[in-house]
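*Asks:* Quick one, structure38.cif (mmCIF, C-alpha atoms):
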```
data_upload
loop_
_atom_site.label_atom_id
_atom_site.label_comp_id
_atom_site.auth_asym_id
_atom_site.auth_seq_id
_atom_site.Cartn_x
_atom_site.Cartn_y
_atom_site.Cartn_z
CA MET A 279 257.78 134.13 -12.32
CA ALA A 280 254.15 135.24 -12.41
CA THR A 281 252.05 134.30 -9.42
CA ILE A 282 248.36 133.46 -9.57
CA GLN A 283 246.24 136.02 -7.73
CA LYS A 284 242.83 134.64 -8.60
CA ILE A 285 241.58 131.69 -10.60
CA THR A 286 238.11 130.51 -11.58
CA LEU A 287 237.69 126.81 -12.40
CA ASP A 288 234.79 124.94 -13.90
CA VAL A 289 234.53 121.67 -11.96
CA LEU A 290 232.17 118.67 -12.13
CA LYS A 291 231.86 116.99 -8.74
CA PRO A 292 229.77 114.29 -7.03
CA HIS A 293 227.13 115.46 -4.51
CA ARG A 294 229.42 114.33 -1.69
CA PRO A 295 231.47 116.15 -0.45
CA ASN A 296 228.98 119.03 -0.44
CA ALA A 297 229.92 122.58 -1.53
CA LEU A 298 230.99 123.61 1.98
CA GLU A 299 233.18 120.54 2.56
CA PHE A 300 234.61 120.90 -0.95
CA ALA A 301 235.50 124.58 -0.46
CA ALA A 302 237.03 123.89 2.96
CA ALA A 303 239.20 121.06 1.58
CA VAL A 304 240.57 123.37 -1.15
CA ALA A 305 241.03 126.29 1.27
CA ASP A 306 243.07 124.05 3.60
CA LEU A 307 245.79 123.93 0.93
CA SER A 308 247.17 127.34 1.87
CA GLN A 309 246.78 129.79 4.71
CA GLY A 310 244.82 132.90 3.77
CA MET A 311 243.30 131.28 0.68
CA ARG A 312 239.73 132.39 0.01
CA VAL A 313 237.55 129.90 -1.82
CA GLN A 314 234.11 130.52 -3.25
CA VAL A 315 231.96 127.73 -4.66
CA ILE A 316 229.08 128.65 -6.95
CA VAL A 317 226.80 125.74 -7.85
CA ASP A 318 225.97 126.16 -11.51
CA ALA A 319 223.89 123.05 -12.26
CA VAL A 320 222.72 120.02 -10.31
CA ASP A 321 222.28 116.62 -11.95
CA GLU A 322 221.15 113.25 -10.55
CA LYS A 323 224.65 112.18 -9.51
CA THR A 324 226.81 115.25 -10.09
CA GLU A 325 226.88 119.00 -9.80
CA SER A 326 228.69 121.56 -11.89
CA ILE A 327 230.41 124.23 -9.84
CA LEU A 328 232.49 127.34 -10.36
CA LEU A 329 235.42 127.35 -7.98
CA VAL A 330 236.79 130.84 -7.38
CA ILE A 331 240.11 130.86 -5.52
CA GLU A 332 242.04 133.94 -4.43
CA GLY A 333 244.64 134.97 -1.87
CA GLY A 334 247.23 132.77 -0.22
CA GLU A 335 249.71 130.85 -2.33
CA ILE A 336 247.73 129.47 -5.24
CA ASP A 337 249.42 126.30 -6.47
CA PHE A 338 247.47 125.15 -9.49
CA ASP A 339 248.89 121.59 -9.45
CA ALA A 340 248.03 121.13 -5.77
CA ILE A 341 244.48 122.43 -6.36
CA SER A 342 244.07 120.15 -9.36
CA GLN A 343 245.25 117.16 -7.29
CA ARG A 344 242.91 118.03 -4.39
CA ILE A 345 240.00 118.25 -6.83
CA SER A 346 240.82 114.75 -8.16
CA GLU A 347 241.18 113.36 -4.62
CA MET A 348 237.64 114.49 -3.89
CA GLY A 349 236.36 112.58 -6.90
CA ALA A 350 235.75 115.68 -9.03
CA THR A 351 237.02 116.54 -12.51
CA LEU A 352 238.42 119.84 -13.69
CA HIS A 353 236.67 120.90 -16.90
CA SER A 354 238.28 124.22 -17.67
CA ILE A 355 240.02 127.31 -16.38
CA ASP A 356 237.36 129.97 -16.87
CA ALA A 357 239.24 133.01 -15.60
CA VAL A 358 242.65 133.76 -14.18
CA GLU A 359 244.41 136.77 -12.74
CA VAL A 360 248.21 136.68 -12.42
CA LEU A 361 250.78 139.10 -11.09
CA GLY A 362 254.06 139.23 -12.96
CA GLU A 363 257.45 139.69 -11.35
CA GLN A 364 260.06 141.74 -13.17
CA SER A 365 262.64 139.41 -14.72
CA ASP A 366 266.45 140.01 -14.77
CA ALA A 367 266.24 140.71 -18.52
CA GLY A 368 263.59 143.35 -17.81
CA ASN A 369 265.87 145.01 -15.22
CA ALA A 370 268.81 145.15 -17.66
CA SER A 371 266.83 146.99 -20.36
CA MET B 47 247.31 109.28 5.67
CA GLN B 48 247.18 113.00 6.53
CA SER B 49 244.53 114.32 8.94
CA GLY B 50 242.72 116.29 6.19
CA GLU B 51 242.60 113.20 3.99
CA LEU B 52 241.35 111.08 6.90
CA HIS B 53 238.72 113.71 7.73
CA ARG B 54 237.41 113.69 4.14
CA LEU B 55 237.35 109.88 4.12
CA LEU B 56 235.43 109.85 7.41
CA LEU B 57 232.84 112.21 5.92
CA HIS B 58 232.08 109.55 3.33
CA VAL B 59 232.09 106.73 5.90
CA GLN B 60 229.73 108.73 8.16
CA GLY B 61 227.24 108.63 5.32
CA ALA B 62 226.96 104.88 5.94
CA ARG B 63 226.02 105.25 9.62
CA GLY B 64 222.35 104.64 8.88
CA ILE B 65 223.15 101.39 7.06
CA ALA B 66 225.42 100.23 9.92
CA ARG B 67 222.69 101.03 12.48
CA ARG B 68 220.13 99.03 10.52
CA TYR B 69 222.51 96.09 10.25
CA PHE B 70 223.34 96.30 13.98
CA ILE B 71 219.67 96.08 14.94
CA THR B 72 218.68 93.49 12.30
CA ASN B 73 221.46 91.08 13.18
CA GLY B 74 221.19 91.94 16.87
CA PHE B 75 217.61 90.65 16.69
CA ASP B 76 218.91 87.51 14.97
CA GLY B 77 221.48 86.92 17.71
CA ALA B 78 219.08 87.55 20.60
CA LEU B 79 216.26 85.43 19.18
CA THR B 80 218.56 82.55 18.21
CA MET B 81 220.01 82.45 21.72
CA LEU B 82 216.53 82.76 23.25
CA GLY B 83 215.38 79.78 21.18
CA LEU B 84 218.40 77.72 22.20
CA MET B 85 218.04 78.60 25.89
CA ILE B 86 214.33 77.72 25.97
CA GLY B 87 215.11 74.50 24.13
CA PHE B 88 217.79 73.56 26.67
CA PHE B 89 215.54 74.55 29.58
CA LEU B 90 212.65 72.40 28.31
CA SER B 91 214.94 69.47 27.51
CA GLU B 92 216.10 69.15 31.17
CA HIS B 93 219.36 67.54 32.25
CA VAL B 94 221.31 69.30 29.46
CA ASP B 95 224.93 69.63 30.51
CA VAL B 96 225.96 73.32 30.68
CA SER B 97 229.27 72.67 28.89
CA VAL B 98 227.37 71.06 26.00
CA ALA B 99 224.99 74.04 25.89
CA ILE B 100 227.93 76.48 25.87
CA LYS B 101 229.49 74.68 22.90
CA ALA B 102 226.18 74.66 21.01
CA CYS B 103 225.58 78.37 21.74
CA LEU B 104 229.16 79.30 20.82
CA GLY B 105 228.77 77.42 17.56
CA ALA B 106 225.57 79.29 16.77
CA ALA B 107 227.12 82.65 17.80
CA VAL B 108 230.20 82.13 15.60
CA ALA B 109 228.01 81.01 12.69
CA LEU B 110 225.83 84.12 13.08
CA CYS B 111 228.96 86.29 13.21
CA MET B 112 230.46 84.73 10.07
CA SER B 113 227.11 84.92 8.29
CA GLY B 114 226.78 88.61 9.26
CA LEU B 115 230.36 89.42 8.21
CA SER B 116 230.26 87.69 4.85
CA SER B 117 226.70 88.56 3.79
CA ALA B 118 227.04 92.26 4.67
CA TYR B 119 230.49 92.52 3.05
CA LEU B 120 229.41 90.84 -0.18
CA SER B 121 226.12 92.73 -0.56
CA GLU B 122 227.50 96.11 0.53
CA SER B 123 230.62 95.70 -1.60
CA ALA B 124 228.54 94.89 -4.69
CA GLU B 125 226.26 97.87 -4.02
CA ARG B 126 229.21 100.26 -3.53
CA LYS B 127 230.94 99.02 -6.71
CA LYS B 128 227.75 99.63 -8.67
CA GLU B 129 227.39 103.16 -7.23
CA LEU B 130 231.07 103.94 -7.90
CA HIS B 131 230.80 102.68 -11.46
CA GLU B 132 227.72 104.83 -12.10
CA LEU B 133 229.47 107.86 -10.61
CA GLU B 134 232.56 107.20 -12.74
CA GLN B 135 230.37 107.11 -15.81
CA ALA B 136 228.68 110.38 -14.83
CA LEU B 137 232.01 112.11 -14.19
CA ILE B 138 233.89 110.31 -16.99
CA ALA B 139 236.78 109.72 -14.58
CA ASP B 140 238.54 106.92 -12.73
CA LEU B 141 237.67 107.39 -9.05
CA GLY B 142 239.71 104.44 -7.75
CA ASN B 143 242.23 106.67 -5.91
CA SER B 144 239.76 109.35 -4.86
CA ASP B 145 238.10 109.68 -1.44
CA VAL B 146 234.90 108.23 -2.91
CA GLY B 147 236.83 105.22 -4.25
CA ARG B 148 238.62 104.63 -0.94
CA ALA B 149 235.34 105.00 0.97
CA SER B 150 233.62 102.53 -1.34
CA ARG B 151 236.25 99.96 -0.29
CA LEU B 152 236.24 100.88 3.41
CA VAL B 153 232.48 101.16 4.02
CA PRO B 154 231.70 97.47 3.26
CA VAL B 155 234.39 96.44 5.79
CA VAL B 156 232.97 98.72 8.52
CA VAL B 157 229.38 97.63 7.83
CA ALA B 158 230.40 93.95 7.75
CA LEU B 159 232.18 94.30 11.11
CA VAL B 160 229.09 95.88 12.67
CA ASN B 161 226.83 93.23 11.15
CA GLY B 162 229.08 90.38 12.30
CA MET B 163 229.98 91.66 15.77
CA SER B 164 226.41 92.61 16.71
CA PRO B 165 225.01 89.03 17.01
CA LEU B 166 228.29 87.73 18.43
CA LEU B 167 228.43 90.26 21.28
CA ILE B 168 224.72 89.89 22.03
CA SER B 169 225.02 86.09 22.03
CA LEU B 170 228.06 86.17 24.34
CA THR B 171 226.21 88.51 26.71
CA ILE B 172 223.20 86.18 26.80
CA MET B 173 225.51 83.23 27.52
CA THR B 174 226.91 84.89 30.68
CA PRO B 175 224.84 82.77 33.15
CA LEU B 176 226.09 79.62 31.42
CA TRP B 177 229.74 80.66 31.91
CA MET B 178 228.96 81.49 35.55
CA ALA B 179 227.27 78.11 36.13
CA GLN B 180 230.25 76.35 34.53
CA GLN B 181 232.58 78.20 36.93
CA GLY B 182 230.51 76.89 39.85
CA ILE B 183 228.97 80.26 40.75
CA ALA B 184 225.63 79.74 42.51
CA LEU B 185 222.71 81.25 40.60
CA PRO B 186 219.21 81.95 41.97
CA LEU B 187 217.57 80.41 38.85
CA SER B 188 218.44 77.89 36.17
CA PRO B 189 221.26 79.34 33.98
CA PHE B 190 219.07 78.71 30.91
CA LEU B 191 216.17 80.63 32.43
CA LEU B 192 218.48 83.48 33.45
CA ALA B 193 219.99 83.55 29.95
CA SER B 194 216.45 83.68 28.48
CA LEU B 195 215.65 86.67 30.71
CA ILE B 196 218.83 88.43 29.53
CA ALA B 197 217.79 87.74 25.93
CA LEU B 198 214.38 89.30 26.62
CA LEU B 199 216.05 92.31 28.27
CA LEU B 200 218.39 92.77 25.28
CA MET B 201 215.43 92.56 22.90
CA PHE B 202 213.72 95.29 24.91
CA LEU B 203 216.89 97.42 24.73
CA LEU B 204 217.12 96.92 20.96
CA GLY B 205 213.54 98.18 20.77
CA VAL B 206 214.50 101.22 22.86
CA LEU B 207 217.42 101.85 20.48
CA LEU B 208 214.99 101.72 17.56
CA ALA B 209 212.82 104.30 19.32
CA ARG B 210 215.83 106.63 19.62
CA LEU B 211 216.30 106.44 15.85
CA SER B 212 212.64 106.83 14.92
CA ARG B 213 211.94 109.31 17.77
CA GLU B 214 209.05 107.14 18.96
CA PHE B 215 208.10 106.64 22.59
CA TRP B 216 210.88 104.38 23.96
CA LEU B 217 208.66 102.24 26.17
CA TRP B 218 206.23 101.41 23.37
CA SER B 219 209.05 100.47 20.99
CA GLY B 220 210.81 98.43 23.70
CA LEU B 221 207.61 96.59 24.59
CA ARG B 222 206.96 95.87 20.90
CA ALA B 223 210.39 94.22 20.55
CA LEU B 224 209.78 92.37 23.81
CA ALA B 225 206.42 91.12 22.48
CA ILE B 226 208.20 89.72 19.40
CA ALA B 227 210.63 87.84 21.68
CA ALA B 228 207.79 86.63 23.94
CA GLY B 229 205.84 85.45 20.88
CA THR B 230 208.90 83.56 19.63
CA ALA B 231 209.36 81.97 23.05
CA LEU B 232 205.70 80.97 23.12
CA ILE B 233 205.90 79.30 19.69
CA ILE B 234 209.01 77.35 20.77
CA ILE B 235 207.33 76.24 24.00
CA VAL B 236 204.16 75.15 22.17
CA ILE B 237 206.02 73.09 19.57
CA SER B 238 208.41 71.64 22.18
CA VAL B 239 205.79 70.41 24.66
#
```
Please express the file's structure as structure tokens.

*Replies:*
Amino acid sequence: MATIQKITLDVLKPHRPNALEFAAAVADLSQGMRVQVIVDAVDEKTESILLVIEGGEIDFDAISQRISEMGATLHSIDAVEVLGEQSDAGNAS
Amino acid sequence: MQSGELHRLLLHVQGARGIARRYFITNGFDGALTMLGLMIGFFLSEHVDVSVAIKACLGAAVALCMSGLSSAYLSESAERKKELHELEQALIADLGNSDVGRASRLVPVVVALVNGMSPLLISLTIMTPLWMAQQGIALPLSPFLLASLIALLLMFLLGVLLARLSREFWLWSGLRALAIAAGTALIIIVISV
């Protein structure tokens, strides 16, 4: 099964938690996970951010849940980098 | 609740520290001045039984506590619901189970507790000489006069606390609060005589 090496998410979040607290809460999901938050646009009540996650064990469902817990919404997956593992069928041929 | 979840929730609750501080001081003033008024009234009335005074003061303290609890909870809860609703509209999402949603339910409870407990604790502190007199402990002054002095001291300390927040000179802020209490006492004495 392919594993996610790097993923870039477009997220709309409230001003609180701030970018640092938000990144730390996502990074806490897995040891060795590197999280970068790039603030794209700031509105009166919200801010649009690009969440770049790499390293560690990237579990998309867990990240998505953590984003919801912090009151943010996932808009789109903007970029993804996966590493495939050779399947049994691939070995046989 | 996991520690990370609790930590995130506390971050939101910490944002309400300023509101809780304001409520603590506002209702602390209410408690101290109400007790000061009662004590001066009892002192000027003469021959007021201490046990009667304790019951009257306790009644006032409990009423202030309940008023603080309910008014802060209702107003803060309404304000938080409005903010949450506006945020939900901006994000186009249901935030009921998010940290923001949980905090919007927890913050009114915390603020209400501060607002309710502040006048109660201050009132009970001011009543200390009355309890002592009821227990038969000899006091150098009338228990009502001693209680009034404690009320003035607590008003001064609330002023000092305000100075810590506003980074003003503590003595000036304390004396200003004390002047408010002294002015209140003077008005009560004038209308009572």

*Asks:* For Ile172 in chain B, please output as a CSV table (one decimal) with C-alpha atoms, in the frame of the given file all residues within 7 Å (counting all atoms listed in the file; exclusion window: fewer than 2 positions along the same chain).

*Replies:*
```csv
chain,number,residue,atom,x,y,z
B,168,ILE,CA,224.7,89.9,22.0
B,169,SER,CA,225.0,86.1,22.0
B,170,LEU,CA,228.1,86.2,24.3
B,174,THR,CA,226.9,84.9,30.7
B,193,ALA,CA,220.0,83.6,30.0
B,196,ILE,CA,218.8,88.4,29.5
B,197,ALA,CA,217.8,87.7,25.9
```

*Asks:* Between CA of Leu167 in chain B and CA of Ala231 in chain B, what is the distance in Å, rounded to a tenth?

*Replies:* 20.9 Å

*Asks:* Which polymer residues have any atom within 10 Å of an atom of Ala118 in chain B, counting only C-alpha atoms, with same-chain residues fewer than 5 positions away left out, as a list of chain:residue names?

*Replies:*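 Once the adjacent positions are removed, what remains is B:Ala66, B:Tyr69, B:Met112, B:Ser113, B:Ser123, B:Ala124, B:Pro154, B:Val155, B:Val156, B:Val157, B:Ala158, B:Leu159, B:Val160, B:Asn161, B:Gly162.
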
*Asks:* When you count all atoms listed in the file, which of these residues is closest to Leu287 in chain A: A:Val360, A:Val330, A:Ala350, A:Ala305?

*Replies:*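 Looking only at the distances to Leu287 in chain A, the closest residue turns out to be A:Val330.
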
*Asks:* For the file shown, report as a PyMOL selection string the outcome of the PyMOL selection byres ((chain A) within 7 of (chain B)) at residue level.

*Replies:* chain A and resi 290+323+346-349+351

*Asks:* Using the partial input, fill out range 316-341 of chain A with N, CA and C atoms; write the result as a PDB file, in the coordinates of the input.

*Replies:*
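Everything below was put into selection-v8.pdb:
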```
ATOM      1  N   ILE A 316     230.393 128.262  -6.402  1.00  0.00           N
ATOM      2  CA  ILE A 316     229.080 128.650  -6.950  1.00  0.00           C
ATOM      3  C   ILE A 316     228.523 127.430  -7.686  1.00  0.00           C
ATOM      4  N   VAL A 317     227.399 126.910  -7.193  1.00  0.00           N
ATOM      5  CA  VAL A 317     226.800 125.740  -7.850  1.00  0.00           C
ATOM      6  C   VAL A 317     226.061 126.229  -9.099  1.00  0.00           C
ATOM      7  N   ASP A 318     226.504 125.709 -10.224  1.00  0.00           N
ATOM      8  CA  ASP A 318     225.970 126.160 -11.510  1.00  0.00           C
ATOM      9  C   ASP A 318     224.795 125.292 -11.959  1.00  0.00           C
ATOM     10  N   ALA A 319     224.960 123.971 -11.839  1.00  0.00           N
ATOM     11  CA  ALA A 319     223.890 123.050 -12.260  1.00  0.00           C
ATOM     12  C   ALA A 319     223.950 121.795 -11.416  1.00  0.00           C
ATOM     13  N   VAL A 320     222.779 121.241 -11.123  1.00  0.00           N
ATOM     14  CA  VAL A 320     222.720 120.020 -10.310  1.00  0.00           C
ATOM     15  C   VAL A 320     222.077 118.906 -11.133  1.00  0.00           C
ATOM     16  N   ASP A 321     222.778 117.783 -11.213  1.00  0.00           N
ATOM     17  CA  ASP A 321     222.280 116.620 -11.950  1.00  0.00           C
ATOM     18  C   ASP A 321     221.936 115.524 -10.939  1.00  0.00           C
ATOM     19  N   GLU A 322     221.534 114.339 -11.443  1.00  0.00           N
ATOM     20  CA  GLU A 322     221.150 113.250 -10.550  1.00  0.00           C
ATOM     21  C   GLU A 322     222.322 112.801  -9.665  1.00  0.00           C
ATOM     22  N   LYS A 323     223.492 112.688 -10.260  1.00  0.00           N
ATOM     23  CA  LYS A 323     224.650 112.180  -9.510  1.00  0.00           C
ATOM     24  C   LYS A 323     225.757 113.214  -9.346  1.00  0.00           C
ATOM     25  N   THR A 324     225.703 114.285 -10.112  1.00  0.00           N
ATOM     26  CA  THR A 324     226.810 115.250 -10.090  1.00  0.00           C
ATOM     27  C   THR A 324     226.291 116.683  -9.978  1.00  0.00           C
ATOM     28  N   GLU A 325     227.218 117.588  -9.709  1.00  0.00           N
ATOM     29  CA  GLU A 325     226.880 119.000  -9.800  1.00  0.00           C
ATOM     30  C   GLU A 325     228.050 119.761 -10.417  1.00  0.00           C
ATOM     31  N   SER A 326     227.701 120.733 -11.224  1.00  0.00           N
ATOM     32  CA  SER A 326     228.690 121.560 -11.890  1.00  0.00           C
ATOM     33  C   SER A 326     228.910 122.794 -11.030  1.00  0.00           C
ATOM     34  N   ILE A 327     230.159 123.071 -10.710  1.00  0.00           N
ATOM     35  CA  ILE A 327     230.410 124.230  -9.840  1.00  0.00           C
ATOM     36  C   ILE A 327     231.471 125.140 -10.445  1.00  0.00           C
ATOM     37  N   LEU A 328     231.415 126.394 -10.036  1.00  0.00           N
ATOM     38  CA  LEU A 328     232.490 127.340 -10.360  1.00  0.00           C
ATOM     39  C   LEU A 328     233.277 127.532  -9.075  1.00  0.00           C
ATOM     40  N   LEU A 329     234.551 127.271  -9.160  1.00  0.00           N
ATOM     41  CA  LEU A 329     235.420 127.350  -7.980  1.00  0.00           C
ATOM     42  C   LEU A 329     236.288 128.599  -8.137  1.00  0.00           C
ATOM     43  N   VAL A 330     236.042 129.575  -7.299  1.00  0.00           N
ATOM     44  CA  VAL A 330     236.790 130.840  -7.380  1.00  0.00           C
ATOM     45  C   VAL A 330     237.786 130.870  -6.217  1.00  0.00           C
ATOM     46  N   ILE A 331     239.070 130.918  -6.557  1.00  0.00           N
ATOM     47  CA  ILE A 331     240.110 130.860  -5.520  1.00  0.00           C
ATOM     48  C   ILE A 331     240.965 132.122  -5.605  1.00  0.00           C
ATOM     49  N   GLU A 332     241.158 132.758  -4.449  1.00  0.00           N
ATOM     50  CA  GLU A 332     242.040 133.940  -4.430  1.00  0.00           C
ATOM     51  C   GLU A 332     242.747 134.034  -3.083  1.00  0.00           C
ATOM     52  N   GLY A 333     243.861 134.786  -3.090  1.00  0.00           N
ATOM     53  CA  GLY A 333     244.640 134.970  -1.870  1.00  0.00           C
ATOM     54  C   GLY A 333     245.483 133.744  -1.561  1.00  0.00           C
ATOM     55  N   GLY A 334     246.346 133.871  -0.592  1.00  0.00           N
ATOM     56  CA  GLY A 334     247.230 132.770  -0.220  1.00  0.00           C
ATOM     57  C   GLY A 334     248.191 132.433  -1.354  1.00  0.00           C
ATOM     58  N   GLU A 335     248.820 131.295  -1.257  1.00  0.00           N
ATOM     59  CA  GLU A 335     249.710 130.850  -2.330  1.00  0.00           C
ATOM     60  C   GLU A 335     248.942 129.877  -3.196  1.00  0.00           C
ATOM     61  N   ILE A 336     248.547 130.312  -4.369  1.00  0.00           N
ATOM     62  CA  ILE A 336     247.730 129.470  -5.240  1.00  0.00           C
ATOM     63  C   ILE A 336     248.650 128.577  -6.078  1.00  0.00           C
ATOM     64  N   ASP A 337     248.629 127.303  -5.734  1.00  0.00           N
ATOM     65  CA  ASP A 337     249.420 126.300  -6.470  1.00  0.00           C
ATOM     66  C   ASP A 337     248.447 125.495  -7.319  1.00  0.00           C
ATOM     67  N   PHE A 338     248.464 125.752  -8.613  1.00  0.00           N
ATOM     68  CA  PHE A 338     247.470 125.150  -9.490  1.00  0.00           C
ATOM     69  C   PHE A 338     247.530 123.613  -9.458  1.00  0.00           C
ATOM     70  N   ASP A 339     248.749 123.058  -9.447  1.00  0.00           N
ATOM     71  CA  ASP A 339     248.890 121.590  -9.450  1.00  0.00           C
ATOM     72  C   ASP A 339     248.295 120.973  -8.176  1.00  0.00           C
ATOM     73  N   ALA A 340     248.555 121.640  -7.046  1.00  0.00           N
ATOM     74  CA  ALA A 340     248.030 121.130  -5.770  1.00  0.00           C
ATOM     75  C   ALA A 340     246.496 121.199  -5.759  1.00  0.00           C
ATOM     76  N   ILE A 341     245.959 122.282  -6.306  1.00  0.00           N
ATOM     77  CA  ILE A 341     244.480 122.430  -6.360  1.00  0.00           C
ATOM     78  C   ILE A 341     243.892 121.346  -7.259  1.00  0.00           C
TER      79      ILE A 341
END
```
